[in-house]
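Have a look at upload-v1.tsv below; it lists TSV, N, CA, C and O atoms.
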```
chain	number	residue	atom	x	y	z
A	16	GLY	N	30.76	22.19	14.50
A	16	GLY	CA	29.58	21.90	15.31
A	16	GLY	C	29.36	20.39	15.47
A	16	GLY	O	30.12	19.60	14.93
A	17	GLY	N	28.34	20.06	16.23
A	17	GLY	CA	28.03	18.65	16.46
A	17	GLY	C	27.33	18.03	15.26
A	17	GLY	O	27.09	18.69	14.25
A	18	MET	N	27.06	16.76	15.38
A	18	MET	CA	26.37	16.07	14.30
A	18	MET	C	24.89	16.44	14.29
A	18	MET	O	24.29	16.64	15.34
A	19	THR	N	24.34	16.52	13.10
A	19	THR	CA	22.91	16.75	12.96
A	19	THR	C	22.18	15.52	13.51
A	19	THR	O	22.58	14.40	13.19
A	20	PRO	N	21.15	15.70	14.33
A	20	PRO	CA	20.43	14.52	14.82
A	20	PRO	C	19.81	13.75	13.66
A	20	PRO	O	19.41	14.34	12.66
A	21	PHE	N	19.78	12.46	13.79
A	21	PHE	CA	19.23	11.60	12.75
A	21	PHE	C	17.88	11.07	13.20
A	21	PHE	O	17.76	10.47	14.26
A	22	PHE	N	16.86	11.34	12.40
A	22	PHE	CA	15.52	10.87	12.71
A	22	PHE	C	15.14	9.77	11.72
A	22	PHE	O	14.77	10.08	10.57
A	23	PRO	N	15.23	8.51	12.14
A	23	PRO	CA	15.02	7.40	11.20
A	23	PRO	C	13.68	7.42	10.48
A	23	PRO	O	13.62	7.17	9.28
A	24	ARG	N	12.59	7.76	11.20
A	24	ARG	CA	11.28	7.74	10.55
A	24	ARG	C	11.17	8.81	9.46
A	24	ARG	O	10.57	8.58	8.41
A	25	LEU	N	11.77	9.96	9.72
A	25	LEU	CA	11.79	11.04	8.73
A	25	LEU	C	12.63	10.61	7.52
A	25	LEU	O	12.23	10.82	6.37
A	26	TYR	N	13.79	10.02	7.80
A	26	TYR	CA	14.67	9.54	6.74
A	26	TYR	C	13.95	8.52	5.86
A	26	TYR	O	13.98	8.61	4.63
A	27	ILE	N	13.25	7.57	6.50
A	27	ILE	CA	12.52	6.54	5.77
A	27	ILE	C	11.43	7.17	4.91
A	27	ILE	O	11.26	6.79	3.74
A	28	ALA	N	10.72	8.15	5.46
A	28	ALA	CA	9.66	8.83	4.70
A	28	ALA	C	10.25	9.53	3.47
A	28	ALA	O	9.69	9.45	2.37
A	29	GLN	N	11.39	10.19	3.65
A	29	GLN	CA	12.04	10.88	2.53
A	29	GLN	C	12.53	9.89	1.47
A	29	GLN	O	12.37	10.11	0.28
A	30	ARG	N	13.14	8.80	1.93
A	30	ARG	CA	13.66	7.80	0.99
A	30	ARG	C	12.53	7.07	0.27
A	30	ARG	O	12.66	6.74	-0.90
A	31	ALA	N	11.43	6.83	0.98
A	31	ALA	CA	10.26	6.21	0.35
A	31	ALA	C	9.79	7.10	-0.81
A	31	ALA	O	9.58	6.61	-1.92
A	32	ALA	N	9.68	8.40	-0.52
A	32	ALA	CA	9.26	9.36	-1.55
A	32	ALA	C	10.23	9.34	-2.74
A	32	ALA	O	9.79	9.38	-3.90
A	33	ASP	N	11.53	9.25	-2.45
A	33	ASP	CA	12.53	9.18	-3.53
A	33	ASP	C	12.28	7.97	-4.43
A	33	ASP	O	12.55	8.00	-5.63
A	34	HIS	N	11.81	6.88	-3.81
A	34	HIS	CA	11.53	5.64	-4.56
A	34	HIS	C	10.12	5.64	-5.16
A	34	HIS	O	9.73	4.68	-5.82
A	35	GLY	N	9.36	6.72	-4.90
A	35	GLY	CA	8.00	6.82	-5.45
A	35	GLY	C	7.00	5.93	-4.75
A	35	GLY	O	6.02	5.49	-5.36
A	36	VAL	N	7.25	5.65	-3.47
A	36	VAL	CA	6.31	4.84	-2.68
A	36	VAL	C	6.01	5.56	-1.37
A	36	VAL	O	6.68	6.53	-1.02
A	37	THR	N	4.99	5.08	-0.66
A	37	THR	CA	4.66	5.68	0.64
A	37	THR	C	5.20	4.80	1.77
A	37	THR	O	5.50	3.63	1.56
A	38	VAL	N	5.28	5.39	2.96
A	38	VAL	CA	5.71	4.61	4.13
A	38	VAL	C	4.70	3.49	4.39
A	38	VAL	O	5.08	2.37	4.72
A	39	GLU	N	3.43	3.80	4.18
A	39	GLU	CA	2.37	2.81	4.37
A	39	GLU	C	2.62	1.60	3.46
A	39	GLU	O	2.48	0.44	3.89
A	40	GLN	N	3.00	1.87	2.21
A	40	GLN	CA	3.31	0.78	1.26
A	40	GLN	C	4.55	0.01	1.71
A	40	GLN	O	4.58	-1.22	1.60
A	41	LEU	N	5.56	0.73	2.20
A	41	LEU	CA	6.78	0.06	2.69
A	41	LEU	C	6.43	-0.91	3.82
A	41	LEU	O	6.99	-1.99	3.90
A	42	HIS	N	5.51	-0.49	4.69
A	42	HIS	CA	5.13	-1.29	5.85
A	42	HIS	C	4.16	-2.42	5.49
A	42	HIS	O	3.94	-3.31	6.31
A	43	SER	N	3.60	-2.34	4.30
A	43	SER	CA	2.58	-3.31	3.89
A	43	SER	C	3.18	-4.68	3.59
A	43	SER	O	4.40	-4.86	3.58
A	44	LYS	N	2.30	-5.63	3.32
A	44	LYS	CA	2.73	-6.99	3.00
A	44	LYS	C	3.10	-7.14	1.52
A	44	LYS	O	3.58	-8.18	1.10
A	45	SER	N	2.84	-6.09	0.74
A	45	SER	CA	3.09	-6.17	-0.71
A	45	SER	C	4.52	-6.56	-1.03
A	45	SER	O	5.47	-6.07	-0.42
A	46	ARG	N	4.65	-7.46	-2.01
A	46	ARG	CA	5.97	-7.93	-2.43
A	46	ARG	C	6.31	-7.41	-3.83
A	46	ARG	O	7.10	-8.03	-4.54
A	47	SER	N	5.69	-6.30	-4.23
A	47	SER	CA	5.98	-5.77	-5.56
A	47	SER	C	7.47	-5.43	-5.64
A	47	SER	O	8.06	-4.98	-4.66
A	48	PRO	N	8.08	-5.69	-6.81
A	48	PRO	CA	9.52	-5.47	-6.96
A	48	PRO	C	9.95	-4.05	-6.55
A	48	PRO	O	11.00	-3.88	-5.92
A	49	LYS	N	9.13	-3.07	-6.87
A	49	LYS	CA	9.43	-1.69	-6.54
A	49	LYS	C	9.57	-1.51	-5.03
A	49	LYS	O	10.49	-0.85	-4.53
A	50	LEU	N	8.64	-2.13	-4.27
A	50	LEU	CA	8.66	-2.02	-2.82
A	50	LEU	C	9.78	-2.83	-2.20
A	50	LEU	O	10.43	-2.39	-1.25
A	51	VAL	N	10.03	-4.02	-2.74
A	51	VAL	CA	11.12	-4.86	-2.24
A	51	VAL	C	12.46	-4.14	-2.43
A	51	VAL	O	13.29	-4.11	-1.52
A	52	ASP	N	12.63	-3.53	-3.60
A	52	ASP	CA	13.86	-2.77	-3.88
A	52	ASP	C	14.02	-1.60	-2.91
A	52	ASP	O	15.11	-1.37	-2.39
A	53	ALA	N	12.93	-0.87	-2.71
A	53	ALA	CA	12.97	0.28	-1.81
A	53	ALA	C	13.32	-0.15	-0.39
A	53	ALA	O	14.19	0.44	0.26
A	54	ARG	N	12.66	-1.22	0.10
A	54	ARG	CA	12.93	-1.71	1.46
A	54	ARG	C	14.38	-2.14	1.60
A	54	ARG	O	15.04	-1.82	2.60
A	55	ALA	N	14.88	-2.88	0.62
A	55	ALA	CA	16.25	-3.39	0.68
A	55	ALA	C	17.25	-2.24	0.69
A	55	ALA	O	18.19	-2.22	1.48
A	56	GLN	N	17.01	-1.28	-0.18
A	56	GLN	CA	17.90	-0.11	-0.28
A	56	GLN	C	17.92	0.67	1.04
A	56	GLN	O	18.99	1.00	1.55
A	57	ILE	N	16.75	0.95	1.56
A	57	ILE	CA	16.64	1.71	2.80
A	57	ILE	C	17.26	0.94	3.97
A	57	ILE	O	17.96	1.51	4.80
A	58	ALA	N	17.01	-0.36	4.00
A	58	ALA	CA	17.60	-1.20	5.07
A	58	ALA	C	19.12	-1.12	5.03
A	58	ALA	O	19.77	-0.97	6.06
A	59	ARG	N	19.69	-1.19	3.82
A	59	ARG	CA	21.15	-1.12	3.69
A	59	ARG	C	21.67	0.25	4.11
A	59	ARG	O	22.74	0.35	4.73
A	60	GLU	N	20.94	1.30	3.78
A	60	GLU	CA	21.36	2.65	4.15
A	60	GLU	C	21.34	2.84	5.67
A	60	GLU	O	22.24	3.45	6.24
A	61	LEU	N	20.31	2.28	6.33
A	61	LEU	CA	20.23	2.39	7.78
A	61	LEU	C	21.33	1.56	8.44
A	61	LEU	O	21.93	1.97	9.44
A	62	SER	N	21.62	0.41	7.86
A	62	SER	CA	22.69	-0.44	8.37
A	62	SER	C	24.04	0.26	8.26
A	62	SER	O	24.89	0.16	9.16
A	63	ALA	N	24.22	1.00	7.18
A	63	ALA	CA	25.46	1.75	6.96
A	63	ALA	C	25.63	2.85	8.02
A	63	ALA	O	26.75	3.30	8.26
A	64	ARG	N	24.51	3.23	8.65
A	64	ARG	CA	24.57	4.22	9.74
A	64	ARG	C	24.69	3.51	11.10
A	64	ARG	O	24.40	4.08	12.14
A	65	ASN	N	25.08	2.25	11.05
A	65	ASN	CA	25.29	1.43	12.25
A	65	ASN	C	24.02	1.19	13.07
A	65	ASN	O	24.08	1.03	14.28
A	66	MET	N	22.89	1.17	12.38
A	66	MET	CA	21.65	0.85	13.08
A	66	MET	C	21.53	-0.67	13.16
A	66	MET	O	21.90	-1.37	12.22
A	67	SER	N	21.02	-1.18	14.29
A	67	SER	CA	20.91	-2.63	14.47
A	67	SER	C	19.84	-3.22	13.55
A	67	SER	O	18.87	-2.53	13.18
A	68	GLN	N	20.02	-4.48	13.22
A	68	GLN	CA	19.04	-5.16	12.36
A	68	GLN	C	17.67	-5.22	13.03
A	68	GLN	O	16.65	-5.12	12.35
A	69	HIS	N	17.65	-5.37	14.35
A	69	HIS	CA	16.37	-5.41	15.07
A	69	HIS	C	15.62	-4.08	14.92
A	69	HIS	O	14.41	-4.06	14.70
A	70	ARG	N	16.36	-2.97	15.03
A	70	ARG	CA	15.74	-1.64	14.92
A	70	ARG	C	15.27	-1.41	13.48
A	70	ARG	O	14.18	-0.88	13.27
A	71	ILE	N	16.09	-1.79	12.51
A	71	ILE	CA	15.71	-1.64	11.10
A	71	ILE	C	14.44	-2.46	10.83
A	71	ILE	O	13.51	-1.98	10.19
A	72	ALA	N	14.42	-3.67	11.33
A	72	ALA	CA	13.25	-4.54	11.15
A	72	ALA	C	11.99	-3.88	11.72
A	72	ALA	O	10.94	-3.86	11.06
A	73	ALA	N	12.12	-3.31	12.91
A	73	ALA	CA	10.97	-2.66	13.55
A	73	ALA	C	10.50	-1.45	12.72
A	73	ALA	O	9.31	-1.26	12.51
A	74	LEU	N	11.46	-0.67	12.23
A	74	LEU	CA	11.12	0.54	11.46
A	74	LEU	C	10.48	0.22	10.11
A	74	LEU	O	9.69	1.00	9.60
A	75	LEU	N	10.85	-0.92	9.54
A	75	LEU	CA	10.31	-1.29	8.22
A	75	LEU	C	9.16	-2.30	8.32
A	75	LEU	O	8.68	-2.79	7.30
A	76	ASN	N	8.76	-2.62	9.56
A	76	ASN	CA	7.67	-3.57	9.78
A	76	ASN	C	7.98	-4.93	9.15
A	76	ASN	O	7.13	-5.55	8.51
A	77	ARG	N	9.21	-5.38	9.34
A	77	ARG	CA	9.65	-6.66	8.84
A	77	ARG	C	10.27	-7.45	9.99
A	77	ARG	O	10.57	-6.88	11.04
A	78	ASP	N	10.51	-8.75	9.79
A	78	ASP	CA	11.26	-9.46	10.83
A	78	ASP	C	12.74	-9.43	10.46
A	78	ASP	O	13.12	-9.09	9.35
A	79	ARG	N	13.56	-9.79	11.44
A	79	ARG	CA	14.99	-9.63	11.28
A	79	ARG	C	15.54	-10.49	10.14
A	79	ARG	O	16.48	-10.09	9.46
A	80	THR	N	14.96	-11.67	9.93
A	80	THR	CA	15.46	-12.53	8.85
A	80	THR	C	15.30	-11.84	7.49
A	80	THR	O	16.13	-12.01	6.61
A	81	MET	N	14.23	-11.06	7.34
A	81	MET	CA	14.01	-10.33	6.10
A	81	MET	C	15.11	-9.28	5.91
A	81	MET	O	15.59	-9.08	4.80
A	82	ILE	N	15.49	-8.62	7.00
A	82	ILE	CA	16.53	-7.59	6.93
A	82	ILE	C	17.86	-8.23	6.52
A	82	ILE	O	18.57	-7.71	5.66
A	83	ILE	N	18.16	-9.38	7.09
A	83	ILE	CA	19.39	-10.10	6.73
A	83	ILE	C	19.36	-10.44	5.24
A	83	ILE	O	20.35	-10.29	4.53
A	84	HIS	N	18.20	-10.86	4.77
A	84	HIS	CA	18.03	-11.18	3.35
A	84	HIS	C	18.29	-9.94	2.48
A	84	HIS	O	18.99	-10.03	1.47
A	85	TYR	N	17.76	-8.79	2.89
A	85	TYR	CA	17.99	-7.55	2.15
A	85	TYR	C	19.47	-7.21	2.11
A	85	TYR	O	19.99	-6.74	1.09
A	86	MET	N	20.19	-7.45	3.21
A	86	MET	CA	21.62	-7.13	3.29
A	86	MET	C	22.42	-7.97	2.30
A	86	MET	O	23.46	-7.55	1.80
A	87	ARG	N	21.92	-9.18	2.04
A	87	ARG	CA	22.66	-10.10	1.17
A	87	ARG	C	22.38	-9.84	-0.31
A	87	ARG	O	23.08	-10.36	-1.17
A	88	ARG	N	21.32	-9.10	-0.57
A	88	ARG	CA	20.96	-8.81	-1.96
A	88	ARG	C	22.05	-8.01	-2.67
A	88	ARG	O	22.68	-7.17	-2.08
A	89	ALA	N	22.20	-8.30	-3.94
A	89	ALA	CA	23.15	-7.50	-4.75
A	89	ALA	C	22.57	-6.12	-5.00
A	89	ALA	O	21.36	-5.91	-4.86
A	90	GLY	N	23.41	-5.19	-5.40
A	90	GLY	CA	22.95	-3.86	-5.74
A	90	GLY	C	23.17	-2.90	-4.61
A	90	GLY	O	22.75	-1.80	-4.62
```
Mind converting the file's structure to structure tokens?
Amino acid sequence: GGMTPFFPRLYIAQRAADHGVTVEQLHSKSRSPKLVDARAQIARELSARNMSQHRIAALLNRDRTMIIHYMRRAG
């Protein structure tokens, strides 16, 4: 069969829950290590699905420079 459609917002909501945070918290200005880790991890996962940095930035309520920073992070 064909590929299962990918819904980024649903994926982000599920991954946020896996990290024990809410989408609202992910989108917030909070810089708590837990949230920074979750954002970085999710950004890398979306990038691995060939999503553009601009789209990832929009979905995570961040600017593109932040996404590039997450990509460079270890882990």
Axis-aligned box for all listed atoms of stretch 18-24 of chain A, 5 Å per side, centre and edges in Å to one decimal, as AutoDock Vina command-line options:
```
--center_x 18.8 --center_y 12.0 --center_z 11.9 --size_x 26.5 --size_y 19.6 --size_z 17.0
```
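Excluding A:Asp52 and any residue on its chain fewer than 6 positions from it, the residues at most 8 Å away by only N, CA, C and O atoms are His34, Arg46, Ala58, Arg59 and Gly90 of chain A.
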Given the selection you just returned, output its residues as a file containing N, CA, C and O atoms, formatted as a PDB file, in the frame of the given file.
```pdb
ATOM      1  N   HIS A  34      11.810   6.880  -3.810  1.00  0.00           N
ATOM      2  CA  HIS A  34      11.530   5.640  -4.560  1.00  0.00           C
ATOM      3  C   HIS A  34      10.120   5.640  -5.160  1.00  0.00           C
ATOM      4  O   HIS A  34       9.730   4.680  -5.820  1.00  0.00           O
ATOM      5  N   ARG A  46       4.650  -7.460  -2.010  1.00  0.00           N
ATOM      6  CA  ARG A  46       5.970  -7.930  -2.430  1.00  0.00           C
ATOM      7  C   ARG A  46       6.310  -7.410  -3.830  1.00  0.00           C
ATOM      8  O   ARG A  46       7.100  -8.030  -4.540  1.00  0.00           O
ATOM      9  N   ALA A  58      17.010  -0.360   4.000  1.00  0.00           N
ATOM     10  CA  ALA A  58      17.600  -1.200   5.070  1.00  0.00           C
ATOM     11  C   ALA A  58      19.120  -1.120   5.030  1.00  0.00           C
ATOM     12  O   ALA A  58      19.770  -0.970   6.060  1.00  0.00           O
ATOM     13  N   ARG A  59      19.690  -1.190   3.820  1.00  0.00           N
ATOM     14  CA  ARG A  59      21.150  -1.120   3.690  1.00  0.00           C
ATOM     15  C   ARG A  59      21.670   0.250   4.110  1.00  0.00           C
ATOM     16  O   ARG A  59      22.740   0.350   4.730  1.00  0.00           O
ATOM     17  N   GLY A  90      23.410  -5.190  -5.400  1.00  0.00           N
ATOM     18  CA  GLY A  90      22.950  -3.860  -5.740  1.00  0.00           C
ATOM     19  C   GLY A  90      23.170  -2.900  -4.610  1.00  0.00           C
ATOM     20  O   GLY A  90      22.750  -1.800  -4.620  1.00  0.00           O
TER      21      GLY A  90
END
```
Two-atom distance - atom N of A:Ala72, atom CA of A:Pro23 (Å): 11.1 Å
Secondary structure check, alpha helix (DSSP H) residues of chain A, as a ChimeraX atom specification: /A:23-33,38-42,48-63,68-75,79-87
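The spacing separating atom CA of A:Ile71 from atom CA of A:Asp33 amounts to 18.5 Å.
The space separating atom N of A:Ala53 from atom CA of A:Met86 comes to 12.3 Å.
Residue neighbourhood of A:Phe22, excluding near-sequence residues (fewer than 3 positions): A:Thr19, A:Leu25, A:Tyr26, A:Ile27, A:Ala28, A:Gln29, A:Leu61, A:Arg64, A:Met66, A:Leu74, at 12 Å, using only C-alpha atoms.
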Non-local contacts of A:Leu75 (8 Å; all atoms listed in the file; under 4 positions in same chain excluded) as a list in words: Val38, Glu39, Gln40, Leu41, His42, Ser43, Arg54, Ala58, Gln68, His69, Arg70 and Ile71 of chain A
